[in-house]
Amino acid sequence: MQPYEKPIPEPDQVTAPFWTAAREGRLLIQHCPACGVHQFYPQSSCRGCLSDNLEWVDAKGKGTIYSYTVVHRAPNRPFEPDVPYTVALVDLDEGCRMLSNIVEVTPEAIRVGMPVEVVFEAISPEISLPKFRPIESS
Ligand SMILES: [Zn+2]
């Protein structure tokens with residue numbers, strides 16, 4: 001594996017379960033039994049009702065593109081080989097929204113509302129990043 005020079009997430013007490021699951025190819029989100037909300041990113045309490053009794057659940061890993069932008073000018077050198085790349089807000093079927101990249105498709109083919117599914121990119125022995133690719137229409 002080439003040295004990875006982009007910022008690497010640092011799991012903490014709240015986010016560690018998310019990163020452990022991502023390494024296993026699973027997308028975990030938080031669920032609040034008290035009010036029924038799913039949330040991402042991981043937090044220590046529920047955004048809906050402030051309960052701190054949250055549980056982790058496996059998301060299906062499917063959603064749709066809410067919005068996106070195409071980056072043509074790298075913010076710094078480690079991102080230069082990636083341009084043009086797409087940064088998108090993805091609405092998961094469970095109802096929460098994730099910021100991620102859309103991969104395995106040219107930026108020109110991306111559309112708002114496009115169905116996508118999660119894929120994981122291993123960037124270190126400990127960390128895999130969830131990204132999204134279009135779902136093949138059959
Ligand atoms: Zn709640």
# chains A, B, ... in the order shown; residues from 1 in each chain; ligands from 1
call {"tool": "residues_around", "arguments": {"residues": "stretch 17-34 of chain A", "least_positions_apart": "4", "cutoff": "6 Å", "atoms": "only C-alpha atoms", "output": "ChimeraX atom specification"}}
result
/A:38-40,54-59,127-128
call {"tool": "closest_atom_pairs", "arguments": {"of": "stretch 118-137 of chain A", "to": "stretch 60-73 of chain A", "cutoff": "12 Å", "atoms": "only C-alpha atoms", "output": "CSV"}}
result
residue,atom,partner,partner_atom,distance
A:Val118,CA,A:Gly61,CA,5.0
A:Val119,CA,A:Gly61,CA,8.3
A:Phe120,CA,A:Gly61,CA,10.5
A:Pro130,CA,A:Gly61,CA,9.3
A:Lys131,CA,A:Gly61,CA,9.8
A:Phe132,CA,A:Lys62,CA,8.5
A:Arg133,CA,A:Lys62,CA,9.6
A:Pro134,CA,A:Thr64,CA,8.9
A:Ile135,CA,A:Lys62,CA,8.6
call {"tool": "atom_distance", "arguments": {"atom1": "atom CA of A:Gln43", "atom2": "atom CA of A:Arg97"}}
result
13.9 Å
call {"tool": "closest_atom_pairs", "arguments": {"of": "chain A", "to": "ligand 1", "cutoff": "7 Å", "atoms": "only C-alpha atoms and all ligand atoms", "output": "Markdown table"}}
result
| residue | atom | partner | partner_atom_place_in_ligand_line | distance |
| --- | --- | --- | --- | --- |
| A:Cys32 | CA | ligand 1 | 1 (Zn) | 4.6 |
| A:Pro33 | CA | ligand 1 | 1 (Zn) | 6.7 |
| A:Ala34 | CA | ligand 1 | 1 (Zn) | 5.1 |
| A:Cys35 | CA | ligand 1 | 1 (Zn) | 4.1 |
| A:Gly36 | CA | ligand 1 | 1 (Zn) | 6.2 |
| A:Val37 | CA | ligand 1 | 1 (Zn) | 5.8 |
| A:Cys46 | CA | ligand 1 | 1 (Zn) | 4.7 |
| A:Arg47 | CA | ligand 1 | 1 (Zn) | 6.5 |
| A:Gly48 | CA | ligand 1 | 1 (Zn) | 4.7 |
| A:Cys49 | CA | ligand 1 | 1 (Zn) | 4.1 |
| A:Leu50 | CA | ligand 1 | 1 (Zn) | 6.0 |
| A:Ser51 | CA | ligand 1 | 1 (Zn) | 5.4 |
call {"tool": "atom_distance", "arguments": {"atom1": "atom CA of A:Thr106", "atom2": "atom CA of A:Tyr41"}}
result
26.9 Å
call {"tool": "closest_residue", "arguments": {"among": "A:Ala16, A:Asp82, A:Glu10, A:Pro42", "to": "A:Cys96", "atoms": "only C-alpha atoms"}}
result
A:Pro42
call {"tool": "residues_around", "arguments": {"residues": "stretch 76-78 of chain A", "least_positions_apart": "3", "cutoff": "8 Å", "atoms": "only C-alpha atoms", "output": "PyMOL selection string"}}
result
chain A and resi 5-6+81
call {"tool": "write_last_selection", "arguments": {"atoms": "C-alpha atoms", "output": "PDB file, in the first residue's frame"}}
result
ATOM      1  CA  GLU A   5      -0.864  11.390   2.833  1.00  0.00           C
ATOM      2  CA  LYS A   6      -4.403  12.713   3.181  1.00  0.00           C
ATOM      3  CA  PRO A  81      -3.973  12.797  -8.326  1.00  0.00           C
TER       4      PRO A  81
END
